[in-house]
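Note: the block below is target.txt and it holds compact mmCIF, C-alpha atoms.
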```
# COMPACT_ATOMS: atom_id res chain seq x y z
CA SER A 18 -11.00 -10.30 1.54
CA GLN A 19 -10.04 -6.75 2.51
CA GLN A 20 -9.46 -6.03 6.19
CA GLY A 21 -10.04 -2.30 5.87
CA GLU A 22 -12.90 -0.59 4.12
CA GLU A 23 -12.87 3.13 3.44
CA ASP A 24 -15.92 5.33 3.36
CA PRO A 25 -16.89 7.19 1.29
CA GLN A 26 -15.52 5.73 -1.94
CA ALA A 27 -15.36 9.22 -3.42
CA LEU A 28 -15.46 12.70 -1.92
CA SER A 29 -15.53 16.06 -3.70
CA ILE A 30 -15.05 19.30 -1.77
CA GLN A 31 -14.03 22.90 -2.30
CA GLU A 32 -10.61 24.24 -1.45
CA GLY A 33 -10.48 25.38 2.16
CA GLU A 34 -13.05 22.87 3.39
CA ASN A 35 -12.25 19.95 5.65
CA ALA A 36 -12.26 16.39 4.33
CA THR A 37 -13.09 13.39 6.49
CA MET A 38 -12.53 9.81 5.44
CA ASN A 39 -13.39 6.75 7.47
CA CYS A 40 -11.91 3.28 7.67
CA SER A 41 -13.48 0.23 9.26
CA TYR A 42 -11.74 -3.07 9.87
CA LYS A 43 -12.75 -6.52 11.00
CA THR A 44 -10.16 -8.02 13.33
CA SER A 45 -7.95 -6.75 16.14
CA ILE A 46 -4.98 -4.74 14.93
CA ASN A 47 -1.48 -3.79 16.07
CA ASN A 48 -1.60 -0.47 14.27
CA LEU A 49 -3.34 1.38 11.48
CA GLN A 50 -1.68 3.46 8.80
CA TRP A 51 -2.94 5.99 6.28
CA TYR A 52 -1.42 6.46 2.83
CA ARG A 53 -1.92 8.87 -0.05
CA GLN A 54 -1.63 7.96 -3.71
CA ASN A 55 -1.41 10.59 -6.41
CA SER A 56 -2.50 9.53 -9.87
CA GLY A 57 0.06 7.29 -11.54
CA ARG A 58 2.36 7.21 -8.53
CA GLY A 59 3.16 4.91 -5.65
CA LEU A 60 1.67 5.23 -2.18
CA VAL A 61 3.12 7.69 0.29
CA HIS A 62 2.91 7.09 4.03
CA LEU A 63 1.03 9.78 5.94
CA ILE A 64 0.60 8.66 9.52
CA LEU A 65 0.69 5.57 11.75
CA ILE A 66 -1.45 5.18 14.85
CA ARG A 67 -0.89 2.33 17.27
CA SER A 68 -3.69 0.32 18.80
CA ASN A 69 -3.16 1.95 22.22
CA GLU A 70 -3.44 5.47 20.80
CA ARG A 71 -6.70 7.31 20.24
CA GLU A 72 -5.64 10.38 18.27
CA LYS A 73 -2.64 11.59 16.36
CA HIS A 74 -1.81 14.79 14.48
CA SER A 75 0.60 15.60 11.69
CA GLY A 76 0.37 19.06 10.19
CA ARG A 77 -3.12 19.41 8.69
CA LEU A 78 -3.87 15.73 9.29
CA ARG A 79 -5.73 14.36 12.27
CA VAL A 80 -6.27 10.63 12.70
CA THR A 81 -8.48 9.00 15.30
CA LEU A 82 -8.74 5.35 16.22
CA ASP A 83 -11.64 3.68 18.03
CA THR A 84 -10.70 0.07 18.66
CA SER A 85 -14.06 -0.68 20.29
CA LYS A 86 -15.80 0.23 17.02
CA LYS A 87 -12.95 -1.06 14.86
CA SER A 88 -12.81 2.19 12.98
CA SER A 89 -10.50 5.09 12.18
CA SER A 90 -10.96 8.46 10.58
CA LEU A 91 -8.62 10.76 8.68
CA LEU A 92 -9.37 14.47 8.76
CA ILE A 93 -7.62 16.85 6.40
CA THR A 94 -8.18 20.44 7.46
CA ALA A 95 -8.17 23.46 5.15
CA SER A 96 -7.85 21.29 2.07
CA ARG A 97 -5.88 22.35 -1.00
CA ALA A 98 -6.10 21.34 -4.63
CA ALA A 99 -2.81 19.48 -4.11
CA ASP A 100 -4.59 17.17 -1.63
CA THR A 101 -6.47 15.63 -4.55
CA ALA A 102 -5.49 11.95 -4.40
CA SER A 103 -6.66 8.54 -3.27
CA TYR A 104 -6.35 7.80 0.43
CA PHE A 105 -5.93 4.30 1.82
CA CYS A 106 -5.98 2.85 5.29
CA ALA A 107 -3.85 -0.20 6.06
CA THR A 108 -3.86 -2.45 9.07
CA THR A 109 -1.38 -4.83 10.64
CA THR A 110 -2.64 -7.76 12.61
CA SER A 111 -0.40 -10.50 13.98
CA GLY A 112 2.33 -11.69 11.70
CA SER A 113 3.93 -9.67 8.97
CA ARG A 114 1.07 -8.82 6.65
CA LEU A 115 -0.13 -5.31 5.95
CA THR A 116 -3.66 -5.21 4.52
CA PHE A 117 -5.02 -2.25 2.57
CA GLY A 118 -8.54 -1.02 2.04
CA GLU A 119 -9.96 -0.01 -1.33
CA GLY A 120 -9.40 3.68 -0.85
CA THR A 121 -11.26 6.98 -0.93
CA GLN A 122 -10.83 9.20 -3.98
CA LEU A 123 -10.66 12.80 -2.79
CA THR A 124 -11.11 15.66 -5.23
CA VAL A 125 -10.46 19.19 -4.00
CA ASN A 126 -11.85 21.80 -6.38
CA PRO A 127 -10.05 25.15 -6.62
CA ASN B 25 18.82 8.59 -2.08
CA ALA B 26 16.75 6.66 -4.67
CA GLY B 27 14.44 4.84 -2.22
CA VAL B 28 12.52 2.01 -3.91
CA THR B 29 13.17 1.59 -7.62
CA GLN B 30 10.97 -0.54 -9.85
CA THR B 31 11.75 -1.54 -13.42
CA PRO B 32 10.34 -1.57 -15.98
CA LYS B 33 7.67 1.12 -15.61
CA PHE B 34 5.52 -0.35 -18.40
CA GLN B 35 5.42 -3.77 -20.00
CA VAL B 36 3.19 -5.58 -22.48
CA LEU B 37 3.34 -9.36 -22.61
CA LYS B 38 1.62 -12.09 -24.54
CA THR B 39 -0.22 -14.85 -22.74
CA GLY B 40 2.19 -17.59 -21.70
CA GLN B 41 5.31 -15.42 -21.64
CA SER B 42 7.37 -15.13 -18.51
CA MET B 43 9.09 -12.09 -17.10
CA THR B 44 10.68 -10.65 -13.99
CA LEU B 45 9.69 -7.39 -12.37
CA GLN B 46 12.63 -5.83 -10.62
CA CYS B 47 12.58 -4.07 -7.27
CA ALA B 48 15.58 -2.58 -5.51
CA GLN B 49 15.87 -0.45 -2.39
CA ASP B 50 18.90 1.40 -1.05
CA MET B 51 17.69 2.00 2.51
CA ASN B 52 18.95 -1.29 3.99
CA HIS B 53 15.38 -2.31 4.79
CA GLU B 54 14.76 -5.85 5.97
CA TYR B 55 11.09 -6.04 5.00
CA MET B 56 10.02 -6.01 1.35
CA SER B 57 6.74 -6.85 -0.29
CA TRP B 58 4.88 -6.96 -3.60
CA TYR B 59 1.32 -5.80 -4.17
CA ARG B 60 -0.96 -5.67 -7.14
CA GLN B 61 -3.50 -2.90 -7.55
CA ASP B 62 -6.65 -3.45 -9.55
CA PRO B 63 -9.58 -1.05 -9.99
CA GLY B 64 -12.09 -1.38 -7.18
CA MET B 65 -9.98 -3.86 -5.24
CA GLY B 66 -7.33 -1.78 -3.55
CA LEU B 67 -3.90 -3.30 -3.03
CA ARG B 68 -3.53 -7.02 -2.53
CA LEU B 69 -0.40 -8.61 -1.09
CA ILE B 70 1.30 -11.12 -3.39
CA HIS B 71 4.49 -12.10 -1.53
CA TYR B 72 6.64 -10.60 1.17
CA SER B 73 10.05 -11.09 2.74
CA VAL B 74 11.27 -10.29 6.25
CA GLY B 75 14.92 -10.59 5.29
CA ALA B 76 17.40 -12.09 2.86
CA GLY B 77 16.66 -15.76 2.25
CA ILE B 78 13.16 -15.57 3.79
CA THR B 79 9.96 -15.22 1.77
CA ASP B 80 6.31 -15.96 2.41
CA GLN B 81 3.03 -15.88 0.56
CA GLY B 82 0.50 -13.12 0.76
CA GLU B 83 -3.14 -13.01 -0.24
CA VAL B 84 -2.78 -13.72 -3.98
CA PRO B 85 0.48 -15.66 -4.58
CA ASN B 86 -0.63 -18.01 -7.38
CA GLY B 87 1.24 -17.51 -10.65
CA TYR B 88 4.07 -15.56 -9.02
CA ASN B 89 7.46 -16.50 -7.59
CA VAL B 90 9.87 -14.47 -5.51
CA SER B 91 13.34 -14.86 -4.08
CA ARG B 92 15.43 -12.69 -1.78
CA SER B 93 19.13 -13.38 -2.23
CA THR B 94 20.22 -9.91 -1.06
CA THR B 95 18.80 -7.28 1.26
CA GLU B 96 18.51 -4.81 -1.61
CA ASP B 97 16.66 -6.78 -4.27
CA PHE B 98 13.30 -8.52 -4.33
CA PRO B 99 12.33 -9.59 -7.88
CA LEU B 100 8.86 -10.84 -8.75
CA ARG B 101 8.60 -13.50 -11.45
CA LEU B 102 5.56 -14.23 -13.55
CA LEU B 103 5.91 -17.85 -14.60
CA SER B 104 3.36 -17.98 -17.45
CA ALA B 105 1.53 -14.69 -17.91
CA ALA B 106 -2.26 -14.72 -18.02
CA PRO B 107 -4.67 -11.85 -18.86
CA SER B 108 -5.87 -11.93 -15.24
CA GLN B 109 -2.42 -10.73 -14.22
CA THR B 110 -2.92 -7.42 -16.02
CA SER B 111 -2.47 -4.95 -13.20
CA VAL B 112 -0.25 -2.33 -11.63
CA TYR B 113 2.42 -3.89 -9.44
CA PHE B 114 3.96 -2.10 -6.48
CA CYS B 115 7.00 -3.00 -4.47
CA ALA B 116 7.40 -1.66 -0.93
CA SER B 117 10.00 -1.83 1.80
CA SER B 118 10.35 -0.94 5.46
CA LYS B 119 12.89 -1.27 8.21
CA GLY B 120 12.87 -3.98 10.82
CA TYR B 121 11.86 -7.60 10.73
CA GLY B 122 8.35 -6.69 11.85
CA GLY B 123 8.21 -4.48 8.82
CA SER B 124 4.48 -4.50 8.40
CA ASN B 125 4.33 -2.47 11.63
CA GLN B 126 6.45 0.24 10.08
CA PRO B 127 5.72 2.90 7.44
CA GLN B 128 6.10 1.40 4.00
CA HIS B 129 8.14 3.03 1.24
CA PHE B 130 6.66 2.37 -2.18
CA GLY B 131 8.08 2.40 -5.66
CA ASP B 132 6.17 4.07 -8.49
CA GLY B 133 4.88 0.81 -9.89
CA THR B 134 5.09 -1.35 -12.98
CA ARG B 135 2.08 -1.20 -15.29
CA LEU B 136 1.72 -4.64 -16.85
CA SER B 137 -0.65 -5.63 -19.65
CA ILE B 138 -1.10 -9.23 -20.73
CA LEU B 139 -2.62 -9.72 -24.17
```
Mind turning the file's structure into structure tokens?
Amino acid sequence: SQQGEEDPQALSIQEGENATMNCSYKTSINNLQWYRQNSGRGLVHLILIRSNEREKHSGRLRVTLDTSKKSSSLLITASRAADTASYFCATTTSGSRLTFGEGTQLTVNP
Amino acid sequence: NAGVTQTPKFQVLKTGQSMTLQCAQDMNHEYMSWYRQDPGMGLRLIHYSVGAGITDQGEVPNGYNVSRSTTEDFPLRLLSAAPSQTSVYFCASSKGYGGSNQPQHFGDGTRLSIL
């Protein structure tokens, strides 16, 4: 079973708008990571937030983590057509396993 | 710097055939892993390794074997291919023995079809 679940499954917005994707998980985590996957390519790491952090920024990306609600959100500000991709959250619990959610397909229309 | 290299990029097999998917990384990463990606199911962990000579099972290990004789290479073997193994396979690596706590570097995948 998947540890992380992204919401929504698909999101379509206009260029310049902000995109928000959510991730919920079931068990306590060490950290949570977000990845992007362009069509036909491998996943690319975007940002890692540790369980003792609440918010992290990287360029146009803002990630929040609420361990009490077992949820995280990824905000992409001022989206561009090049941001069109699938976005995945991944969590690490104890041990050496990284578990991915099913992803959110983001489409940014020019 | 090549990063994580997977070969082949595409492969078609017949049911019952065996084959090896190759994965090599040139970043001296200790942690390597294999995932399969199926529509609507995200990525599922098949096997992983925290260092040369050490491997362990992931979520969906049945029908697959791995070995880790060197730090650089982590091949995935399909013993007797089945149509249910049609998927896109990704190899990933990261530094450190607690590699799952580090950003993962992914290859571009092997698209495998079993007829």
Revision key, fill the gap. With distances taken over only C-alpha atoms, the candidate from A:Arg77, A:Lys43, A:Arg58, A:Arg53 nearest Val112 in chain B is A:Arg58
Within 12 Å of chain A, which residues of chain B show up? Give each one with its shortest atom-to-atom distance in Å (one decimal) and the two atoms involved, counting all atoms listed in the file, rows by chain then rising residue number, as CSV.
```
residue,atom,partner,partner_atom,distance
B:Gly27,CA,A:Gly59,CA,11.8
B:Val28,CA,A:Gly59,CA,10.0
B:Thr29,CA,A:Gly59,CA,10.7
B:Gln30,CA,A:Gly59,CA,10.4
B:Lys33,CA,A:Gly57,CA,10.6
B:Phe34,CA,A:Gly57,CA,11.6
B:Glu54,CA,A:Ser113,CA,11.9
B:Tyr55,CA,A:Ser113,CA,9.0
B:Met56,CA,A:Ser113,CA,10.4
B:Ser57,CA,A:Arg114,CA,9.2
B:Trp58,CA,A:Leu115,CA,10.9
B:Tyr59,CA,A:Phe117,CA,9.9
B:Arg60,CA,A:Phe117,CA,11.1
B:Gln61,CA,A:Glu119,CA,9.4
B:Asp62,CA,A:Glu119,CA,9.5
B:Pro63,CA,A:Glu119,CA,8.7
B:Gly64,CA,A:Glu119,CA,6.4
B:Met65,CA,A:Glu119,CA,5.5
B:Gly66,CA,A:Glu119,CA,3.9
B:Leu67,CA,A:Phe117,CA,5.8
B:Arg68,CA,A:Phe117,CA,7.1
B:Leu69,CA,A:Thr116,CA,7.3
B:Ile70,CA,A:Arg114,CA,10.3
B:His71,CA,A:Arg114,CA,9.5
B:Tyr72,CA,A:Arg114,CA,8.0
B:Ser73,CA,A:Ser113,CA,8.8
B:Val74,CA,A:Ser113,CA,7.9
B:Gly75,CA,A:Ser113,CA,11.6
B:Thr79,CA,A:Ser113,CA,10.9
B:Asp80,CA,A:Ser113,CA,9.4
B:Gln81,CA,A:Arg114,CA,9.5
B:Gly82,CA,A:Arg114,CA,7.3
B:Glu83,CA,A:Ser18,CA,8.5
B:Val84,CA,A:Ser18,CA,10.5
B:Val112,CA,A:Gly57,CA,9.6
B:Tyr113,CA,A:Gly59,CA,9.6
B:Phe114,CA,A:Gly59,CA,7.1
B:Cys115,CA,A:Gly59,CA,8.9
B:Ala116,CA,A:Leu60,CA,9.0
B:Ser117,CA,A:Leu115,CA,11.5
B:Ser118,CA,A:His62,CA,11.0
B:Gly120,CA,A:Ser113,CA,10.8
B:Tyr121,CA,A:Ser113,CA,8.4
B:Gly122,CA,A:Ser113,CA,6.1
B:Gly123,CA,A:Ser113,CA,6.7
B:Ser124,CA,A:Ser113,CA,5.2
B:Asn125,CA,A:Thr109,CA,6.3
B:Gln126,CA,A:Leu65,CA,8.0
B:Pro127,CA,A:His62,CA,6.1
B:Gln128,CA,A:His62,CA,6.5
B:His129,CA,A:Val61,CA,6.9
B:Phe130,CA,A:Gly59,CA,5.5
B:Gly131,CA,A:Gly59,CA,5.5
B:Asp132,CA,A:Gly59,CA,4.2
B:Gly133,CA,A:Gly59,CA,6.1
B:Thr134,CA,A:Gly59,CA,9.8
B:Arg135,CA,A:Gly57,CA,9.5
```
Check your understanding: For the atom pair CA of Thr84 in chain A and CA of Asn39 in chain A, what is the interatomic distance in Å to one decimal place?
Key ->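 According to the coordinates, CA of Thr84 in chain A and CA of Asn39 in chain A are separated by 13.3 Å.
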Output requested as a PDB file, keeping the file's coordinate frame - range 75-86 of chain A, filled out with all heavy atoms.
```
ATOM      1  N   SER A  75      -0.595  15.332  12.477  1.00  0.00           N
ATOM      2  CA  SER A  75       0.600  15.600  11.690  1.00  0.00           C
ATOM      3  C   SER A  75       0.249  16.719  10.720  1.00  0.00           C
ATOM      4  O   SER A  75      -0.444  16.501   9.730  1.00  0.00           O
ATOM      5  CB  SER A  75       1.050  14.353  10.930  1.00  0.00           C
ATOM      6  OG  SER A  75       2.172  14.644  10.116  1.00  0.00           O
ATOM      7  N   GLY A  76       0.705  17.924  11.040  1.00  0.00           N
ATOM      8  CA  GLY A  76       0.370  19.060  10.190  1.00  0.00           C
ATOM      9  C   GLY A  76      -1.133  19.278  10.107  1.00  0.00           C
ATOM     10  O   GLY A  76      -1.819  19.422  11.122  1.00  0.00           O
ATOM     11  N   ARG A  77      -1.676  19.234   8.883  1.00  0.00           N
ATOM     12  CA  ARG A  77      -3.120  19.410   8.690  1.00  0.00           C
ATOM     13  C   ARG A  77      -3.893  18.096   8.810  1.00  0.00           C
ATOM     14  O   ARG A  77      -5.104  18.060   8.560  1.00  0.00           O
ATOM     15  CB  ARG A  77      -3.368  20.022   7.312  1.00  0.00           C
ATOM     16  CG  ARG A  77      -2.869  21.459   7.180  1.00  0.00           C
ATOM     17  CD  ARG A  77      -3.218  22.064   5.810  1.00  0.00           C
ATOM     18  NE  ARG A  77      -2.576  21.350   4.716  1.00  0.00           N
ATOM     19  CZ  ARG A  77      -3.221  20.633   3.804  1.00  0.00           C
ATOM     20  NH1 ARG A  77      -4.539  20.519   3.847  1.00  0.00           N
ATOM     21  NH2 ARG A  77      -2.546  20.048   2.839  1.00  0.00           N
ATOM     22  N   LEU A  78      -3.220  17.035   9.181  1.00  0.00           N
ATOM     23  CA  LEU A  78      -3.870  15.730   9.290  1.00  0.00           C
ATOM     24  C   LEU A  78      -4.170  15.405  10.750  1.00  0.00           C
ATOM     25  O   LEU A  78      -3.357  15.652  11.638  1.00  0.00           O
ATOM     26  CB  LEU A  78      -2.958  14.634   8.727  1.00  0.00           C
ATOM     27  CG  LEU A  78      -2.430  14.801   7.311  1.00  0.00           C
ATOM     28  CD1 LEU A  78      -1.564  13.606   6.942  1.00  0.00           C
ATOM     29  CD2 LEU A  78      -3.572  14.961   6.330  1.00  0.00           C
ATOM     30  N   ARG A  79      -5.357  14.858  10.953  1.00  0.00           N
ATOM     31  CA  ARG A  79      -5.730  14.360  12.270  1.00  0.00           C
ATOM     32  C   ARG A  79      -6.337  12.979  12.083  1.00  0.00           C
ATOM     33  O   ARG A  79      -7.275  12.806  11.314  1.00  0.00           O
ATOM     34  CB  ARG A  79      -6.730  15.288  12.942  1.00  0.00           C
ATOM     35  CG  ARG A  79      -7.303  14.756  14.259  1.00  0.00           C
ATOM     36  CD  ARG A  79      -8.261  15.770  14.878  1.00  0.00           C
ATOM     37  NE  ARG A  79      -9.027  15.178  15.971  1.00  0.00           N
ATOM     38  CZ  ARG A  79     -10.323  14.878  15.913  1.00  0.00           C
ATOM     39  NH1 ARG A  79     -11.010  15.117  14.805  1.00  0.00           N
ATOM     40  NH2 ARG A  79     -10.933  14.354  16.955  1.00  0.00           N
ATOM     41  N   VAL A  80      -5.779  12.006  12.783  1.00  0.00           N
ATOM     42  CA  VAL A  80      -6.270  10.630  12.700  1.00  0.00           C
ATOM     43  C   VAL A  80      -6.788  10.216  14.074  1.00  0.00           C
ATOM     44  O   VAL A  80      -6.151  10.494  15.092  1.00  0.00           O
ATOM     45  CB  VAL A  80      -5.148   9.670  12.254  1.00  0.00           C
ATOM     46  CG1 VAL A  80      -5.567   8.215  12.449  1.00  0.00           C
ATOM     47  CG2 VAL A  80      -4.786   9.929  10.803  1.00  0.00           C
ATOM     48  N   THR A  81      -7.943   9.577  14.071  1.00  0.00           N
ATOM     49  CA  THR A  81      -8.480   9.000  15.300  1.00  0.00           C
ATOM     50  C   THR A  81      -8.626   7.505  15.121  1.00  0.00           C
ATOM     51  O   THR A  81      -8.771   7.002  14.003  1.00  0.00           O
ATOM     52  CB  THR A  81      -9.838   9.616  15.659  1.00  0.00           C
ATOM     53  OG1 THR A  81     -10.766   9.341  14.604  1.00  0.00           O
ATOM     54  CG2 THR A  81      -9.715  11.114  15.872  1.00  0.00           C
ATOM     55  N   LEU A  82      -8.593   6.802  16.228  1.00  0.00           N
ATOM     56  CA  LEU A  82      -8.740   5.350  16.220  1.00  0.00           C
ATOM     57  C   LEU A  82      -9.668   4.955  17.359  1.00  0.00           C
ATOM     58  O   LEU A  82      -9.437   5.340  18.508  1.00  0.00           O
ATOM     59  CB  LEU A  82      -7.389   4.661  16.371  1.00  0.00           C
ATOM     60  CG  LEU A  82      -7.401   3.138  16.413  1.00  0.00           C
ATOM     61  CD1 LEU A  82      -7.905   2.560  15.091  1.00  0.00           C
ATOM     62  CD2 LEU A  82      -6.005   2.602  16.735  1.00  0.00           C
ATOM     63  N   ASP A  83     -10.696   4.204  17.038  1.00  0.00           N
ATOM     64  CA  ASP A  83     -11.640   3.680  18.030  1.00  0.00           C
ATOM     65  C   ASP A  83     -11.610   2.169  17.915  1.00  0.00           C
ATOM     66  O   ASP A  83     -12.279   1.590  17.054  1.00  0.00           O
ATOM     67  CB  ASP A  83     -13.032   4.236  17.788  1.00  0.00           C
ATOM     68  CG  ASP A  83     -14.016   3.867  18.895  1.00  0.00           C
ATOM     69  OD1 ASP A  83     -13.800   2.836  19.572  1.00  0.00           O
ATOM     70  OD2 ASP A  83     -15.008   4.584  19.073  1.00  0.00           O
ATOM     71  N   THR A  84     -10.832   1.520  18.757  1.00  0.00           N
ATOM     72  CA  THR A  84     -10.700   0.070  18.660  1.00  0.00           C
ATOM     73  C   THR A  84     -11.973  -0.656  19.065  1.00  0.00           C
ATOM     74  O   THR A  84     -12.215  -1.776  18.616  1.00  0.00           O
ATOM     75  CB  THR A  84      -9.517  -0.436  19.497  1.00  0.00           C
ATOM     76  OG1 THR A  84      -9.667   0.048  20.838  1.00  0.00           O
ATOM     77  CG2 THR A  84      -8.199   0.059  18.927  1.00  0.00           C
ATOM     78  N   SER A  85     -12.808  -0.025  19.897  1.00  0.00           N
ATOM     79  CA  SER A  85     -14.060  -0.680  20.290  1.00  0.00           C
ATOM     80  C   SER A  85     -15.028  -0.755  19.111  1.00  0.00           C
ATOM     81  O   SER A  85     -15.805  -1.702  18.995  1.00  0.00           O
ATOM     82  CB  SER A  85     -14.710   0.063  21.452  1.00  0.00           C
ATOM     83  OG  SER A  85     -15.136   1.353  21.057  1.00  0.00           O
ATOM     84  N   LYS A  86     -14.956   0.231  18.215  1.00  0.00           N
ATOM     85  CA  LYS A  86     -15.800   0.230  17.020  1.00  0.00           C
ATOM     86  C   LYS A  86     -15.054  -0.284  15.799  1.00  0.00           C
ATOM     87  O   LYS A  86     -15.619  -0.346  14.708  1.00  0.00           O
ATOM     88  CB  LYS A  86     -16.312   1.644  16.751  1.00  0.00           C
ATOM     89  CG  LYS A  86     -17.241   2.193  17.823  1.00  0.00           C
ATOM     90  CD  LYS A  86     -17.723   3.580  17.466  1.00  0.00           C
ATOM     91  CE  LYS A  86     -18.681   4.121  18.536  1.00  0.00           C
ATOM     92  NZ  LYS A  86     -19.148   5.496  18.228  1.00  0.00           N
TER      93      LYS A  86
END
```
